[in-house]
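Below: upload-v6.cif (mmCIF, C-alpha atoms)
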```
data_entry
loop_
_atom_site.label_atom_id
_atom_site.label_comp_id
_atom_site.auth_asym_id
_atom_site.auth_seq_id
_atom_site.Cartn_x
_atom_site.Cartn_y
_atom_site.Cartn_z
CA MET S 1 3.43 -31.19 20.90
CA ASN S 2 1.83 -27.85 20.21
CA ARG S 3 4.48 -25.49 18.88
CA ILE S 4 2.26 -22.42 18.46
CA PRO S 5 4.20 -19.48 19.92
CA ALA S 6 2.88 -18.55 23.34
CA ILE S 7 2.39 -14.90 22.39
CA ALA S 8 0.22 -15.84 19.41
CA ARG S 9 -1.92 -18.18 21.51
CA SER S 10 -2.40 -15.56 24.21
CA LEU S 11 -3.35 -12.87 21.68
CA ARG S 12 -5.89 -15.17 20.03
CA ARG S 13 -7.49 -16.11 23.34
CA SER S 14 -7.67 -12.57 24.67
CA SER S 15 -10.60 -10.34 23.78
CA LYS S 16 -9.61 -7.49 26.10
CA PRO S 17 -7.73 -4.47 24.72
CA TYR S 18 -4.16 -4.01 25.89
CA TYR S 19 -2.97 -0.43 25.75
CA PHE S 20 0.57 0.89 25.45
CA SER S 21 0.09 4.48 26.59
CA SER S 22 3.18 4.22 28.82
CA PHE S 23 5.40 4.75 25.76
CA PHE S 24 3.23 7.04 23.65
CA ASN S 25 1.61 10.27 24.67
CA LEU S 26 -1.89 9.10 23.86
CA GLY S 27 -3.86 11.46 26.05
CA LYS S 28 -5.81 12.73 23.07
CA LEU S 29 -6.75 9.16 22.19
CA ASN S 30 -8.92 8.81 25.26
CA GLU S 31 -11.67 10.97 23.81
CA ARG S 32 -13.62 10.07 20.68
CA VAL S 33 -14.37 12.83 18.25
CA ASN S 34 -17.73 12.98 16.56
CA PRO S 35 -18.09 11.10 13.27
CA ILE S 36 -17.44 13.27 10.25
CA SER S 37 -18.10 12.93 6.56
CA ASP S 38 -15.38 12.33 4.01
CA ASN S 39 -15.42 11.06 0.44
CA THR S 40 -11.68 10.67 -0.17
CA CYS S 41 -11.73 6.91 -0.72
CA HIS S 42 -10.93 6.11 -4.32
CA HIS S 43 -13.57 4.34 -6.42
CA GLN S 44 -16.24 4.73 -3.75
CA THR S 45 -19.18 2.44 -4.49
CA TYR S 46 -20.76 2.25 -1.04
CA ARG S 47 -22.87 4.65 1.02
CA ASN S 48 -23.09 6.18 4.47
CA LEU S 49 -19.58 5.87 5.75
CA ILE S 50 -19.20 6.41 9.47
CA LEU S 51 -15.82 7.93 10.28
CA GLN S 52 -14.08 8.12 13.62
CA SER S 53 -10.67 9.50 14.53
CA VAL S 54 -8.37 8.89 17.48
CA SER S 55 -5.22 9.81 15.56
CA GLU S 56 -4.21 12.50 13.12
CA SER S 57 -2.70 9.96 10.76
CA VAL S 58 -5.12 7.00 10.90
CA LYS S 59 -8.87 6.95 10.25
CA LEU S 60 -11.54 4.31 10.83
CA GLU S 61 -14.47 3.89 8.46
CA LYS S 62 -17.40 1.58 9.08
CA LEU S 63 -19.38 0.81 5.98
CA SER S 64 -23.15 0.57 6.24
CA ASP S 65 -26.25 -0.77 4.50
CA SER S 66 -25.45 -3.97 2.62
CA ASP S 67 -21.75 -3.49 3.46
CA SER S 68 -22.34 -3.35 7.20
CA GLY S 69 -19.66 -5.45 8.85
CA ILE S 70 -16.85 -4.21 6.60
CA VAL S 71 -14.44 -1.81 8.29
CA GLN S 72 -11.58 0.17 6.78
CA VAL S 73 -8.53 1.47 8.60
CA LYS S 74 -7.01 4.16 6.40
CA LEU S 75 -3.47 5.47 6.72
CA ASP S 76 -3.55 9.23 6.21
CA ARG S 77 -0.23 11.01 6.60
CA PRO S 78 0.37 12.55 3.17
CA GLY S 79 3.24 14.81 4.20
CA ALA S 80 5.34 11.80 5.21
CA LYS S 81 4.12 9.21 2.69
CA ASN S 82 2.36 7.39 5.52
CA ALA S 83 5.64 6.79 7.37
CA ILE S 84 4.92 5.09 10.69
CA GLY S 85 5.54 7.42 13.60
CA LYS S 86 4.34 7.39 17.19
CA ASP S 87 0.96 8.93 16.40
CA MET S 88 0.20 6.53 13.55
CA LEU S 89 1.33 3.47 15.48
CA GLY S 90 -0.64 4.47 18.56
CA GLY S 91 -3.77 5.11 16.50
CA LEU S 92 -3.41 1.87 14.57
CA ARG S 93 -3.00 -0.13 17.77
CA ARG S 94 -6.03 1.53 19.36
CA TYR S 95 -8.23 0.81 16.35
CA LEU S 96 -7.14 -2.82 16.19
CA GLU S 97 -7.98 -3.23 19.87
CA ASP S 98 -11.42 -1.68 19.32
CA ILE S 99 -12.05 -3.92 16.30
CA ASN S 100 -11.02 -7.00 18.27
CA VAL S 101 -13.87 -6.50 20.76
CA ASP S 102 -16.47 -5.32 18.23
CA SER S 103 -18.60 -8.32 17.29
CA SER S 104 -20.24 -6.38 14.44
CA THR S 105 -16.99 -6.22 12.44
CA LYS S 106 -16.64 -9.11 9.98
CA VAL S 107 -13.85 -8.00 7.62
CA LEU S 108 -11.05 -5.42 7.95
CA LEU S 109 -9.42 -3.55 5.06
CA ILE S 110 -6.19 -1.65 5.64
CA CYS S 111 -5.64 0.93 2.93
CA SER S 112 -4.25 4.39 2.27
CA SER S 113 -5.87 7.77 1.74
CA VAL S 114 -2.65 9.03 0.15
CA PRO S 115 -2.40 8.61 -3.65
CA ARG S 116 0.35 6.32 -4.95
CA VAL S 117 1.59 5.20 -1.54
CA PHE S 118 0.55 2.52 0.92
CA CYS S 119 3.19 3.04 3.61
CA ALA S 120 6.81 4.13 3.19
CA GLY S 121 7.95 2.37 6.37
CA ALA S 122 9.19 3.81 9.65
CA ASP S 123 9.48 7.56 10.17
CA LEU S 124 13.27 7.86 10.03
CA LYS S 125 13.23 11.57 10.88
CA GLU S 126 11.43 10.75 14.12
CA ARG S 127 13.71 7.74 14.64
CA ARG S 128 16.85 9.91 14.53
CA ALA S 129 15.68 11.80 17.62
CA MET S 130 15.17 8.60 19.65
CA SER S 131 17.66 7.10 22.07
CA PRO S 132 18.61 3.43 21.58
CA SER S 133 16.19 2.41 24.35
CA GLU S 134 13.38 4.40 22.73
CA VAL S 135 14.12 2.77 19.38
CA ARG S 136 13.97 -0.63 21.05
CA GLN S 137 10.61 0.20 22.65
CA PHE S 138 9.18 1.54 19.40
CA VAL S 139 10.27 -1.44 17.30
CA ASN S 140 9.01 -3.89 19.94
CA LEU S 141 5.62 -2.16 19.93
CA LEU S 142 5.57 -2.12 16.12
CA ARG S 143 6.30 -5.84 16.07
CA SER S 144 3.66 -6.64 18.70
CA THR S 145 1.08 -4.48 16.89
CA PHE S 146 1.60 -6.37 13.64
CA SER S 147 1.35 -9.65 15.57
CA TYR S 148 -1.89 -8.37 17.06
CA LEU S 149 -3.13 -7.56 13.55
CA GLU S 150 -2.16 -11.04 12.38
CA THR S 151 -4.06 -12.75 15.21
CA LEU S 152 -7.33 -10.85 14.85
CA GLN S 153 -10.13 -13.40 14.52
CA ILE S 154 -11.61 -11.72 11.44
CA PRO S 155 -10.12 -11.71 7.91
CA THR S 156 -7.82 -8.78 7.15
CA ILE S 157 -6.99 -7.44 3.68
CA ALA S 158 -4.13 -5.08 2.79
CA VAL S 159 -5.01 -2.79 -0.13
CA ILE S 160 -1.77 -1.67 -1.73
CA GLU S 161 -1.34 1.06 -4.34
CA GLY S 162 2.13 2.55 -4.62
CA ALA S 163 4.97 2.02 -2.17
CA ALA S 164 4.88 -0.59 0.58
CA LEU S 165 8.39 -0.44 1.97
CA GLY S 166 10.02 -1.68 5.16
CA GLY S 167 7.46 -1.48 7.95
CA GLY S 168 4.75 -0.83 5.37
CA MET S 169 5.49 -4.14 3.70
CA GLU S 170 5.65 -5.82 7.12
CA MET S 171 2.17 -4.46 7.89
CA ALA S 172 0.87 -5.97 4.66
CA LEU S 173 2.54 -9.30 5.47
CA ALA S 174 0.63 -9.43 8.77
CA CYS S 175 -2.70 -9.34 6.89
CA ASP S 176 -4.49 -12.46 5.66
CA LEU S 177 -4.78 -11.26 2.06
CA ARG S 178 -2.95 -8.69 -0.04
CA ILE S 179 -4.39 -6.95 -3.10
CA CYS S 180 -2.20 -4.60 -5.11
CA GLY S 181 -2.20 -2.44 -8.20
CA GLU S 182 0.30 -3.09 -10.98
CA GLU S 183 2.30 0.00 -10.04
CA ALA S 184 2.69 -1.05 -6.40
CA ILE S 185 6.28 -1.23 -5.16
CA PHE S 186 7.40 -3.67 -2.47
CA GLY S 187 10.76 -3.69 -0.74
CA MET S 188 12.73 -4.34 2.43
CA PRO S 189 15.44 -1.63 2.35
CA GLU S 190 16.60 -2.07 5.95
CA THR S 191 20.01 -3.65 5.24
CA GLY S 192 20.94 -0.52 3.30
CA LEU S 193 20.57 1.32 6.62
CA ALA S 194 22.69 -1.31 8.40
CA ILE S 195 19.68 -2.76 10.23
CA ILE S 196 17.31 -5.68 9.59
CA PRO S 197 13.52 -5.84 9.23
CA GLY S 198 12.40 -5.78 12.85
CA ALA S 199 8.60 -6.01 12.77
CA GLY S 200 8.21 -9.53 11.46
CA GLY S 201 9.70 -9.22 7.99
CA THR S 202 12.46 -11.80 8.47
CA GLN S 203 9.86 -14.35 9.61
CA ARG S 204 6.66 -13.71 7.65
CA LEU S 205 8.26 -13.05 4.26
CA PRO S 206 10.06 -16.44 3.97
CA ARG S 207 6.93 -18.23 5.18
CA LEU S 208 5.04 -16.60 2.33
CA ILE S 209 7.45 -16.65 -0.62
CA GLY S 210 10.12 -19.13 0.51
CA ARG S 211 13.48 -18.64 2.19
CA SER S 212 15.54 -18.16 -0.96
CA ASN S 213 13.33 -15.41 -2.40
CA ALA S 214 13.04 -13.72 0.99
CA LYS S 215 16.79 -13.76 1.52
CA GLU S 216 17.41 -12.21 -1.88
CA LEU S 217 14.93 -9.39 -1.28
CA ILE S 218 16.20 -8.69 2.25
CA PHE S 219 19.93 -9.06 1.51
CA THR S 220 19.80 -6.79 -1.56
CA GLY S 221 16.95 -4.45 -0.62
CA ARG S 222 15.67 -4.91 -4.19
CA LYS S 223 12.27 -3.43 -4.93
CA ILE S 224 9.69 -5.36 -6.93
CA ASP S 225 6.49 -4.26 -8.64
CA GLY S 226 3.01 -5.69 -8.35
CA ARG S 227 3.43 -8.24 -11.14
CA ASP S 228 6.64 -9.61 -9.62
CA ALA S 229 4.93 -9.73 -6.23
CA MET S 230 2.13 -11.75 -7.79
CA SER S 231 4.52 -14.21 -9.44
CA MET S 232 6.33 -14.74 -6.12
CA GLY S 233 3.09 -15.36 -4.24
CA LEU S 234 3.47 -12.21 -2.17
CA VAL S 235 0.01 -10.94 -3.14
CA ASN S 236 -3.29 -12.69 -3.88
CA TYR S 237 -4.29 -10.39 -6.75
CA CYS S 238 -2.51 -7.82 -8.88
CA VAL S 239 -4.95 -5.60 -10.76
CA PRO S 240 -4.60 -2.55 -13.02
CA ALA S 241 -3.29 0.50 -11.18
CA GLY S 242 -6.01 2.20 -9.18
CA GLY S 243 -8.19 -0.91 -9.01
CA ALA S 244 -6.89 -2.54 -5.83
CA HIS S 245 -9.54 -1.04 -3.56
CA LEU S 246 -12.42 -2.16 -5.77
CA LYS S 247 -11.01 -5.70 -5.91
CA ALA S 248 -10.47 -5.79 -2.15
CA LEU S 249 -13.99 -4.53 -1.55
CA GLU S 250 -15.36 -7.22 -3.87
CA ILE S 251 -13.57 -9.90 -1.83
CA ALA S 252 -14.63 -8.33 1.47
CA ARG S 253 -18.27 -8.33 0.34
CA ASP S 254 -18.00 -11.99 -0.58
CA ILE S 255 -16.55 -12.85 2.84
CA ASN S 256 -19.14 -10.68 4.55
CA GLN S 257 -21.94 -12.89 3.22
CA LYS S 258 -20.52 -16.04 4.79
CA GLY S 259 -21.12 -17.42 8.27
CA PRO S 260 -19.02 -15.24 10.59
CA LEU S 261 -18.35 -18.01 13.11
CA ALA S 262 -17.27 -20.33 10.31
CA ILE S 263 -14.88 -17.68 8.96
CA LYS S 264 -13.30 -17.13 12.37
CA LEU S 265 -12.87 -20.84 13.04
CA ALA S 266 -11.52 -21.49 9.54
CA LYS S 267 -8.91 -18.77 10.11
CA ARG S 268 -7.99 -20.29 13.45
CA ALA S 269 -7.67 -23.79 11.98
CA ILE S 270 -5.47 -22.56 9.11
CA ASP S 271 -3.22 -20.24 11.11
CA ASP S 272 -2.73 -22.38 14.20
CA GLY S 273 -2.60 -25.61 12.22
CA HIS S 274 0.20 -24.26 10.04
CA GLU S 275 2.46 -24.05 13.12
CA ILE S 276 2.08 -27.67 14.25
CA ASP S 277 2.45 -31.19 12.86
CA LEU S 278 -0.27 -32.58 10.58
CA GLN S 279 -1.89 -34.93 13.08
CA SER S 280 -2.15 -32.18 15.70
CA ALA S 281 -3.49 -29.84 13.02
CA LEU S 282 -6.18 -32.33 12.02
CA ALA S 283 -7.18 -32.61 15.67
CA LEU S 284 -7.42 -28.82 15.78
CA GLU S 285 -9.64 -28.87 12.67
CA GLU S 286 -11.90 -31.39 14.38
CA GLU S 287 -12.09 -29.19 17.47
CA CYS S 288 -13.05 -26.17 15.33
CA TYR S 289 -15.67 -28.16 13.42
CA GLU S 290 -17.20 -29.36 16.68
CA GLN S 291 -17.79 -25.74 17.69
CA ILE S 292 -19.79 -25.16 14.50
CA LEU S 293 -22.14 -28.15 14.87
CA THR S 294 -24.40 -26.61 17.52
CA THR S 295 -24.66 -23.11 16.05
CA LYS S 296 -27.82 -21.45 14.76
CA ASP S 297 -25.88 -20.33 11.71
CA ARG S 298 -25.24 -23.92 10.61
CA LEU S 299 -28.96 -24.70 10.76
CA GLU S 300 -29.74 -21.46 8.93
CA GLY S 301 -27.30 -22.41 6.16
CA LEU S 302 -29.01 -25.77 5.67
CA ALA S 303 -32.47 -24.18 5.72
CA ALA S 304 -31.47 -21.51 3.19
CA PHE S 305 -30.03 -24.16 0.88
CA ALA S 306 -33.24 -26.21 1.05
CA GLU S 307 -35.44 -23.15 0.51
CA LYS S 308 -33.22 -21.76 -2.28
CA ARG S 309 -32.71 -18.39 -0.64
CA LYS S 310 -29.82 -16.36 0.73
CA PRO S 311 -28.93 -17.28 4.31
CA ARG S 312 -29.33 -14.73 7.10
CA TYR S 313 -26.45 -15.38 9.45
CA THR S 314 -26.36 -13.82 12.89
CA GLY S 315 -23.06 -15.14 14.25
CA GLU S 316 -24.82 -17.43 16.72
#
```

Give the structure from this file in structure tokens form.
Amino acid sequence: MNRIPAIARSLRRSSKPYYFSSFFNLGKLNERVNPISDNTCHHQTYRNLILQSVSESVKLEKLSDSDSGIVQVKLDRPGAKNAIGKDMLGGLRRYLEDINVDSSTKVLLICSSVPRVFCAGADLKERRAMSPSEVRQFVNLLRSTFSYLETLQIPTIAVIEGAALGGGMEMALACDLRICGEEAIFGMPETGLAIIPGAGGTQRLPRLIGRSNAKELIFTGRKIDGRDAMSMGLVNYCVPAGGAHLKALEIARDINQKGPLAIKLAKRAIDDGHEIDLQSALALEEECYEQILTTKDRLEGLAAFAEKRKPRYTGE
């Protein structure tokens, strides 16, 4: 019996964007601004960034040349430590929807333009002005946006320097991989505000680090640093402070050289298989492998191996 949640299955199957402009005033999001130049990314080792903006607090960067296929979504709200408000959430959702239908995107990095902070969580100043029904709508949209992020077909990497608290930590949990600097700070402070993590934290955190560790962090609101996060299995790599972006870019480049169809189907097999019994999961793996057998990329991989050259994958 397939126990994959219906919402996750529907998100994975759908390639059409689903917009939530009924809650947010996203009129300005309907028009693209012209690409601009910006060199704010720390440790920049790539060229010819193409920037787009549909939000004041989120930016999209498409890398080019040998890094073509790698895309960065950058949180950029320095005055509020990247706290998630309506504008940021609307922009993030719009970018994820665009990425989901862009076949040229192979890897997504989510990072911050603000020094020493990834995301401080929800914008509590904005939250105070909301009615209970507006809070419910906002949190539901936040939760569905992180679920949408989680079910993107391409690999996603959270690049964490500084604070990743509350909703910021929940955003990172929705990514496939997490890379942090040693001075990163993780925490779920919601119970101190007499609420609970509402955007997936109570579900994704125990699945990643175990129920006992998750309960302790959520019950107490205790903050942990990058090294503790690494020892718990919360992050894949903990590197010296300031080096998370370089490490994430190294991993993204490695992924970017692999067969894109194989990457997508491997992600599907792992994620969907994790939610069902082993025999059903093995049947899912077989189904995914069958889809690879007739691809041009598989034949190209064999040819490149025989000819001792780098493969040239096209995603076909």

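Between atom CA of S:Glu316 and atom CA of S:Asp176 the interatomic distance comes to 23.7 Å.
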
Inset, instruction - Give me the residues within 9 Å of S:Leu109 as a list of chain:residue names, counting only C-alpha atoms and dropping any in the same chain fewer than 5 places off. - result: S:Ile70, S:Val71, S:Gln72, S:Val73, S:Lys74, S:Pro155, S:Thr156, S:Ile157, S:Ala158, S:Val159, S:His245, S:Ala248, S:Leu249, S:Ala252

Between S:Glu275, S:Asp76, S:Asp297, S:Asp65, smallest distance to S:Thr314 by only C-alpha atoms belongs to S:Asp297

Using all atoms listed in the file, find each residue of stretch 107-190 of chain S with at least one atom at most 10 Å away from an atom of stretch 265-273 of chain S; report its shortest atom-to-atom pair and that distance in Å (one decimal), sort the rows by chain and rising residue number, and return the result as CSV.
```
residue,atom,partner,partner_atom,distance
S:Glu150,CA,S:Asp271,CA,9.3
S:Thr151,CA,S:Asp271,CA,8.6
S:Leu152,CA,S:Lys267,CA,9.4
S:Gln153,CA,S:Lys267,CA,7.1
S:Ile154,CA,S:Lys267,CA,7.7
S:Pro155,CA,S:Lys267,CA,7.5
S:Asp176,CA,S:Lys267,CA,8.9
```

Set out as CSV a contact list for stretch 115-231 of chain S and stretch 82-97 of chain S with a cut-off of 12 Å, giving each residue of stretch 115-231 of chain S that qualifies its closest atom pair and distance in Å to one decimal, counting only C-alpha atoms, ordered by chain and rising residue number.
```
residue,atom,partner,partner_atom,distance
S:Pro115,CA,S:Asn82,CA,10.4
S:Arg116,CA,S:Asn82,CA,10.7
S:Val117,CA,S:Asn82,CA,7.4
S:Phe118,CA,S:Asn82,CA,6.9
S:Cys119,CA,S:Asn82,CA,4.8
S:Ala120,CA,S:Ala83,CA,5.1
S:Gly121,CA,S:Ala83,CA,5.1
S:Ala122,CA,S:Ile84,CA,4.6
S:Asp123,CA,S:Ala83,CA,4.8
S:Leu124,CA,S:Ala83,CA,8.2
S:Lys125,CA,S:Gly85,CA,9.2
S:Glu126,CA,S:Gly85,CA,6.8
S:Arg127,CA,S:Gly85,CA,8.2
S:Arg128,CA,S:Gly85,CA,11.6
S:Ala129,CA,S:Gly85,CA,11.8
S:Met130,CA,S:Lys86,CA,11.2
S:Glu134,CA,S:Lys86,CA,11.0
S:Val135,CA,S:Lys86,CA,11.0
S:Gln137,CA,S:Lys86,CA,11.0
S:Phe138,CA,S:Lys86,CA,7.9
S:Val139,CA,S:Leu89,CA,10.4
S:Asn140,CA,S:Leu89,CA,11.5
S:Leu141,CA,S:Leu89,CA,8.4
S:Leu142,CA,S:Leu89,CA,7.0
S:Arg143,CA,S:Leu89,CA,10.6
S:Ser144,CA,S:Arg93,CA,9.4
S:Thr145,CA,S:Arg93,CA,6.0
S:Phe146,CA,S:Arg93,CA,8.8
S:Ser147,CA,S:Arg93,CA,10.7
S:Tyr148,CA,S:Leu96,CA,7.7
S:Leu149,CA,S:Leu96,CA,6.7
S:Glu150,CA,S:Leu96,CA,10.3
S:Thr151,CA,S:Leu96,CA,10.4
S:Leu152,CA,S:Leu96,CA,8.1
S:Gln153,CA,S:Leu96,CA,11.1
S:Ile154,CA,S:Leu96,CA,11.0
S:Thr156,CA,S:Leu96,CA,10.8
S:Gly162,CA,S:Asn82,CA,11.2
S:Ala163,CA,S:Asn82,CA,9.7
S:Ala164,CA,S:Asn82,CA,9.7
S:Leu165,CA,S:Ala83,CA,9.4
S:Gly166,CA,S:Ala83,CA,9.8
S:Gly167,CA,S:Ile84,CA,7.6
S:Gly168,CA,S:Ala83,CA,7.9
S:Met169,CA,S:Ala83,CA,11.5
S:Glu170,CA,S:Ile84,CA,11.5
S:Met171,CA,S:Ile84,CA,10.3
S:Ala199,CA,S:Ile84,CA,11.9
```

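You can rank S:Cys288, S:Arg253, S:Asn236, S:Glu190 by their closest distance to S:Ser64 using all atoms listed in the file, and at the top of that list sits S:Arg253.
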
Hits from the PyMOL selection byres ((chain S and resi 67) around 12), listed as a PyMOL selection string = chain S and resi 45-50+61-66+68-72+104-108+249-257

Students should find that atom CA of S:Lys81 and atom CA of S:Val114 are spaced 7.2 Å

*Return as JSON, numbers by chain the set of residues that the PyMOL selection byres ((chain S and resi 206-220) around 7) yields on the displayed structure.*
{"S": [188, 191, 202, 203, 204, 205, 221, 222, 232, 233, 234]}

Atom CA of S:Ile99 to atom CA of S:Ile276 measures 27.7 Å

Closest of S:Asp225, S:Tyr237, S:Pro197, S:Lys258 to S:Lys310, counting all atoms listed in the file, is S:Lys258
